Each structure stands twice: as C-alpha cells, then as structure tokens.
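Taking it in order: structure first as structure tokens, then the write-up.
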Amino acid sequence: MQRLITQLPGAFREALVLREVNDLSYREIADVTGVPVGTVMSRLARARGLLRTAWLAEEKGP
Amino acid sequence: MTCDEAEVMLHALIDDELDAVHGREVETHAAGCARCAAQLASYRDLRQTLRGGNLRHTAPASLRRSIDRAVPSPAATDRRTLLKGFALGSLLSAAAAASVTLVVLREDRDERILSEAISAHLRSLQADHLTDVLSTDQHTVKPWFNGRTDLAPPVIDLAAQGFTLIGGRLDFIDGKSVAVIVYRRRVNVINLFVTQGVGSSLQAPRMETVQGFNIRRWTDQGLNMFAVSDINREELDEFGNKFEQAARAARAT
C-alpha cells in the first residue's frame, strides 16, 4: 500500500497522507496546503479513486 | 443528488465531514444506487486497509539526537526568579482568567461559525442544493421560511442594484437551522446566512477573507448576517451596503 501511495501525483498523495496518516480534518488540510476545502474534497476523491484502481489491479495480479 | 455529486460527497461522508442532513442525502442516494453503494463499500474497505497498514513512519532516535545537538539549549533560568514570576503571574491570571476564557471561547466560536458558513457555501455549490425555494420574488421567498425556521429573515429584492434574488433554503450552522437567502451577481452566488443568537457581539460590518472566500458580516435587528461569496471584496461590501439600506427603507415604510 505504501508503494502504491508513493506512485500517486504529489497533490493527491499529500491530501491522502494528511487525512489517512496524520488524521487531519478537511479544514486543517486546507490550512496546511493553502487550498480551499472544496479542492481538498476533490483531491481526496481523486487520490482514493486512483489508489483503489491501483490496489484492485495489484490484487488481480499481472 | 446525481452520481457525480455523490462520488465526491461520499468521501466526505466516510471522513465524517458532512452534517447530518447532507450525510443522510448521500446515504439515501447510495441506498437506491447500486453503483454508488458499491463505491461506498469499496472506499470503506480501502480506508480500513489504509488504517491497518502501519503507514505512519516514526523517525529514528538518532534523528532526534542530531536535532537536539543542532539546536542550542535555552539558557537556564534562575529558580527563584522563576518562582517570583509564577507568584505575580498567578495574581494577574486569577483576575483575568474568566474574561480571557470568555474572549477565547467566543473567538473560537466565531471562527467555527465562519468555517461552517464557508463549508455550507461550498456544499450549496457542489451538492445541487443551492435553493429549497426557487424564486426571484421576495414575496414568495420570505413566506416560505414561515414555520420552517424560528426567525423571520429579511428578504429583499436587489435586482435593480445588480444582485438578483434567486431563492432561499435552510442550512445548518453551529448545530442550528438557519435561513439562507441566495443571490446571484453575474455567474457568482452570494449565500446570505441569517442566524439568531449566534455571535451576538457583532455590530458594525466586517469584511474578511477566509479560504479564498470573502465574507461580510453584520448585525441588524438582532439578526446576524453572513454574506459569503467568491465575488471580490468591493462588490460584496456593496451588496451588504445595498442590503442594509434597502432593509432600513423597508422598515421605514
């Protein structure tokens, strides 16, 4: 999972790590990254979408 | 709610960032939509895996030691001076504690209310829930609030001044149901939140910019008004001024 996260684009990885690892709220992530809360929401959605796709592909195997 | 909207909102749902009303909306949508229900379950699984994945990295003790060595240690403080300082400090703080606490609490509350108003503004734009009553007629919008909220918000037609009334809705701020009057300036939305008994210390208009949104707040007739928009400060201030003038004129007639 760690490897899959490192493969995410920077902005998405940042939002995901701040939420899932550092347990910050959307508001706190917005403050830390200097973007509006709406952008945090969409970045998290994209990050999880990409991660889920990569995770499912990994589980299915080559 | 459409699937596209639910797709973003369901992340806010699993992160516990939605209020009860919007949380229910997403859950209701997912209950009737197999695709979104599957996504919700899948993202919950993913989250479970992430949480159990031991992703938090602890820096090695050697890093702490090298940082400690690199940062100069603070000068040792004489113990007697320190105690004297505490004695004086306790006298002052005992006298001031209550008022300081009140001020801090109120500021925290104001901050939270502002933050909630911005979140509500964002949700209104993203979740297809801008208006519960869609009308440019103030005589339709104003009575719609009757019986739905315990205050009578001033609903004013400002079309002639360049701000088009498009409707109203109920929202939640600080755990209370509040009235929201919705205007448009060109393509931009202005959400005017009207609350009662919240932040009653507010008097004169104040302009602020939070998270890139402009907010003008003021108090009128015991009602607290928060206008939130992404139009520029000057235009939002103009909106507030026009609204206040029209409200005064309406009361005088």
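Going by the structure tokens order, chains are called A, B, ..., each with residues numbered from 1, while ligands are numbered from 1 in the order shown.
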
**Request:** Using only C-alpha atoms, select each residue of chain B with any atom at most 8 Å away from an atom of chain A, and give the selection as number ranges by chain.
**Result:** B: 7-9, 11-12, 17, 43, 46-47, 50-51, 53, 55-56, 119, 122, 211-212

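Atom CA of B:Glu235 to atom CA of B:Thr140 spans 26.0 Å [interatomic distance, one decimal].
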
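Residues within 9 Å of B:Ile118, counting only C-alpha atoms and excluding same-chain residues fewer than 2 positions away, are A:Val37, B:Ile113, B:Leu114, B:Ser115, B:Glu116, B:Ala120, B:His121, B:Leu122, B:Arg123, B:Val210, B:Gln211, B:Phe213, B:Ile215, B:Val228, B:Ser229.
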
Got time to write the residues from that selection, all heavy atoms, as a compact mmCIF listing (two decimals), in the first residue's frame?
# COMPACT_ATOMS: atom_id res chain seq x y z
N VAL A 37 -11.29 24.29 0.91
CA VAL A 37 -11.79 22.99 1.37
C VAL A 37 -12.36 22.17 0.21
O VAL A 37 -12.20 20.95 0.16
CB VAL A 37 -12.87 23.19 2.47
CG1 VAL A 37 -13.51 21.87 2.84
CG2 VAL A 37 -12.24 23.80 3.71
N ILE B 113 -18.01 29.28 13.42
CA ILE B 113 -19.21 29.66 12.67
C ILE B 113 -18.82 30.11 11.26
O ILE B 113 -19.46 29.73 10.28
CB ILE B 113 -19.98 30.77 13.43
CG1 ILE B 113 -20.62 30.16 14.67
CG2 ILE B 113 -21.03 31.41 12.55
CD1 ILE B 113 -21.12 31.16 15.67
N LEU B 114 -17.73 30.89 11.17
CA LEU B 114 -17.26 31.33 9.85
C LEU B 114 -16.91 30.13 9.00
O LEU B 114 -17.27 30.03 7.83
CB LEU B 114 -16.01 32.20 9.99
CG LEU B 114 -16.24 33.68 10.29
CD1 LEU B 114 -14.91 34.40 10.25
CD2 LEU B 114 -17.17 34.28 9.25
N SER B 115 -16.18 29.19 9.61
CA SER B 115 -15.75 28.00 8.89
C SER B 115 -16.97 27.19 8.43
O SER B 115 -17.01 26.70 7.30
CB SER B 115 -14.86 27.17 9.81
OG SER B 115 -14.66 25.91 9.28
N GLU B 116 -17.97 27.09 9.29
CA GLU B 116 -19.17 26.32 8.93
C GLU B 116 -19.95 27.03 7.82
O GLU B 116 -20.53 26.38 6.95
CB GLU B 116 -20.07 26.11 10.16
CG GLU B 116 -19.47 25.09 11.11
CD GLU B 116 -20.40 24.74 12.25
OE1 GLU B 116 -21.62 25.02 12.16
OE2 GLU B 116 -19.91 24.18 13.25
N ALA B 120 -20.82 25.40 4.32
CA ALA B 120 -22.20 25.36 3.84
C ALA B 120 -22.28 26.00 2.45
O ALA B 120 -23.00 25.53 1.56
CB ALA B 120 -23.12 26.08 4.81
N HIS B 121 -21.53 27.10 2.25
CA HIS B 121 -21.49 27.77 0.94
C HIS B 121 -20.96 26.79 -0.11
O HIS B 121 -21.55 26.64 -1.19
CB HIS B 121 -20.59 29.00 1.05
CG HIS B 121 -20.38 29.73 -0.24
ND1 HIS B 121 -21.35 30.51 -0.82
CD2 HIS B 121 -19.31 29.77 -1.08
CE1 HIS B 121 -20.87 31.02 -1.96
NE2 HIS B 121 -19.64 30.58 -2.13
N LEU B 122 -19.87 26.10 0.22
CA LEU B 122 -19.28 25.13 -0.71
C LEU B 122 -20.24 24.00 -1.03
O LEU B 122 -20.40 23.62 -2.19
CB LEU B 122 -18.02 24.52 -0.08
CG LEU B 122 -16.73 25.28 -0.31
CD1 LEU B 122 -15.64 24.75 0.61
CD2 LEU B 122 -16.30 25.11 -1.76
N ARG B 123 -20.87 23.48 0.00
CA ARG B 123 -21.82 22.38 -0.22
C ARG B 123 -22.95 22.82 -1.14
O ARG B 123 -23.37 22.08 -2.02
CB ARG B 123 -22.41 21.90 1.11
CG ARG B 123 -21.53 20.98 1.92
CD ARG B 123 -22.36 20.27 2.97
NE ARG B 123 -23.11 21.18 3.81
CZ ARG B 123 -22.66 21.74 4.92
NH1 ARG B 123 -21.44 21.48 5.33
NH2 ARG B 123 -23.41 22.57 5.63
N VAL B 210 -11.57 34.30 4.06
CA VAL B 210 -11.20 33.02 4.67
C VAL B 210 -11.22 31.95 3.57
O VAL B 210 -12.21 31.83 2.84
CB VAL B 210 -12.20 32.64 5.80
CG1 VAL B 210 -11.79 31.32 6.45
CG2 VAL B 210 -12.29 33.74 6.84
N GLN B 211 -10.13 31.21 3.47
CA GLN B 211 -10.01 30.12 2.48
C GLN B 211 -10.33 30.60 1.07
O GLN B 211 -10.93 29.86 0.27
CB GLN B 211 -10.93 28.96 2.84
CG GLN B 211 -10.57 28.27 4.14
CD GLN B 211 -11.63 27.28 4.56
OE1 GLN B 211 -12.31 26.69 3.73
NE2 GLN B 211 -11.77 27.08 5.84
N PHE B 213 -12.52 32.80 0.20
CA PHE B 213 -13.87 33.35 0.05
C PHE B 213 -13.96 34.66 0.83
O PHE B 213 -13.36 34.79 1.89
CB PHE B 213 -14.92 32.38 0.59
CG PHE B 213 -15.04 31.14 -0.23
CD1 PHE B 213 -14.42 29.98 0.16
CD2 PHE B 213 -15.76 31.14 -1.42
CE1 PHE B 213 -14.50 28.83 -0.61
CE2 PHE B 213 -15.85 30.01 -2.20
CZ PHE B 213 -15.22 28.84 -1.79
N ILE B 215 -16.17 37.29 3.04
CA ILE B 215 -17.32 37.24 3.96
C ILE B 215 -17.57 38.64 4.48
O ILE B 215 -16.64 39.32 4.90
CB ILE B 215 -17.02 36.32 5.16
CG1 ILE B 215 -16.70 34.92 4.68
CG2 ILE B 215 -18.21 36.29 6.13
CD1 ILE B 215 -16.23 34.01 5.79
N VAL B 228 -21.56 35.27 2.14
CA VAL B 228 -20.36 34.52 1.72
C VAL B 228 -20.37 34.40 0.19
O VAL B 228 -21.40 34.01 -0.39
CB VAL B 228 -20.34 33.10 2.33
CG1 VAL B 228 -19.05 32.38 1.94
CG2 VAL B 228 -20.47 33.16 3.84
N SER B 229 -19.26 34.73 -0.43
CA SER B 229 -19.21 34.63 -1.89
C SER B 229 -17.77 34.65 -2.38
O SER B 229 -16.86 34.97 -1.61
CB SER B 229 -19.97 35.81 -2.51
OG SER B 229 -19.95 35.71 -3.91

**Item:** Picked from chain A by DSSP as helix (DSSP H, G or I), as a ChimeraX atom specification
**Value:** /A:2-6,10-20,26-33,37-60

**Prompt:** So which bits of stretch 113-232 of chain B end up strand (DSSP E or B) when you DSSP the backbone, as JSON, numbers by chain?
**Reply:** {"B": [133, 134, 146, 149, 158, 163, 164, 165, 166, 167, 168, 169, 170, 171, 172, 173, 176, 177, 178, 179, 180, 181, 182, 183, 184, 185, 188, 189, 190, 191, 192, 193, 194, 195, 196, 206, 207, 208, 209, 210, 213, 214, 215, 216, 217, 218, 219, 220, 223, 224, 225, 226, 227, 228, 229]}

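In this comparison, which uses only C-alpha atoms, the residue of A:Ala11, A:Ala54, A:Val40, A:Leu4 approaching A:Leu24 most closely is A:Val40.
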
**Item:** For atom CA of B:Ala20 and atom CA of B:Cys3, the interatomic separation in Å (one decimal)
**Value:**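 A separation of 19.3 Å between them.
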
**Item:** Atomic separation - atom CA of B:Gln245 relative to atom CA of B:Arg186, Å
**Value:** 21.4 Å

Considering only C-alpha atoms, return as an mmCIF file with N, CA, C and O atoms, in the first residue's frame whatever protein or nucleic-acid residues lie within 9 Å of B:Asp150, sequence-local ones (same chain, fewer than 5 positions apart) excluded.
data_model
loop_
_atom_site.group_PDB
_atom_site.id
_atom_site.type_symbol
_atom_site.label_atom_id
_atom_site.label_comp_id
_atom_site.auth_asym_id
_atom_site.auth_seq_id
_atom_site.Cartn_x
_atom_site.Cartn_y
_atom_site.Cartn_z
ATOM 1 N N PHE B 145 -40.151 30.744 4.452
ATOM 2 C CA PHE B 145 -39.443 30.452 5.706
ATOM 3 C C PHE B 145 -40.401 30.305 6.896
ATOM 4 O O PHE B 145 -40.009 29.752 7.922
ATOM 5 N N SER B 177 -30.584 25.284 12.781
ATOM 6 C CA SER B 177 -31.153 25.504 11.469
ATOM 7 C C SER B 177 -31.138 27.014 11.188
ATOM 8 O O SER B 177 -31.565 27.802 12.024
ATOM 9 N N VAL B 178 -30.602 27.412 10.042
ATOM 10 C CA VAL B 178 -30.546 28.840 9.716
ATOM 11 C C VAL B 178 -31.165 29.093 8.340
ATOM 12 O O VAL B 178 -31.231 28.197 7.500
ATOM 13 N N GLN B 196 -29.849 33.655 14.388
ATOM 14 C CA GLN B 196 -30.298 34.397 15.572
ATOM 15 C C GLN B 196 -29.542 33.874 16.789
ATOM 16 O O GLN B 196 -29.362 32.653 16.919
#

Do you know which residues are at most 9 Å from B:Glu25 counting only C-alpha atoms, after dropping those on the same chain fewer than 5 positions away, and could you put them as a PDB file with all heavy atoms, in the first residue's frame?
ATOM      1  N   MET B   1     -29.860  14.149  -5.907  1.00  0.00           N
ATOM      2  CA  MET B   1     -28.405  14.086  -5.994  1.00  0.00           C
ATOM      3  C   MET B   1     -27.986  13.134  -7.126  1.00  0.00           C
ATOM      4  O   MET B   1     -28.511  12.031  -7.233  1.00  0.00           O
ATOM      5  CB  MET B   1     -27.847  13.599  -4.646  1.00  0.00           C
ATOM      6  CG  MET B   1     -26.347  13.425  -4.659  1.00  0.00           C
ATOM      7  SD  MET B   1     -25.679  12.989  -3.030  1.00  0.00           S
ATOM      8  CE  MET B   1     -25.840  14.535  -2.169  1.00  0.00           C
ATOM      9  N   ALA B   6     -22.526  12.571  -5.781  1.00  0.00           N
ATOM     10  CA  ALA B   6     -22.359  11.602  -4.689  1.00  0.00           C
ATOM     11  C   ALA B   6     -20.924  11.092  -4.626  1.00  0.00           C
ATOM     12  O   ALA B   6     -20.395  10.832  -3.551  1.00  0.00           O
ATOM     13  CB  ALA B   6     -23.327  10.443  -4.871  1.00  0.00           C
ATOM     14  N   ALA B  20     -25.509  16.260   9.406  1.00  0.00           N
ATOM     15  CA  ALA B  20     -26.484  15.158   9.396  1.00  0.00           C
ATOM     16  C   ALA B  20     -27.359  15.174   8.142  1.00  0.00           C
ATOM     17  O   ALA B  20     -27.610  14.122   7.536  1.00  0.00           O
ATOM     18  CB  ALA B  20     -27.353  15.245  10.646  1.00  0.00           C
ATOM     19  N   ALA B  30     -27.099   6.466  -1.996  1.00  0.00           N
ATOM     20  CA  ALA B  30     -26.364   5.195  -2.120  1.00  0.00           C
ATOM     21  C   ALA B  30     -27.306   4.005  -1.924  1.00  0.00           C
ATOM     22  O   ALA B  30     -27.150   2.971  -2.583  1.00  0.00           O
ATOM     23  CB  ALA B  30     -25.221   5.151  -1.110  1.00  0.00           C
TER      24      ALA B  30
END
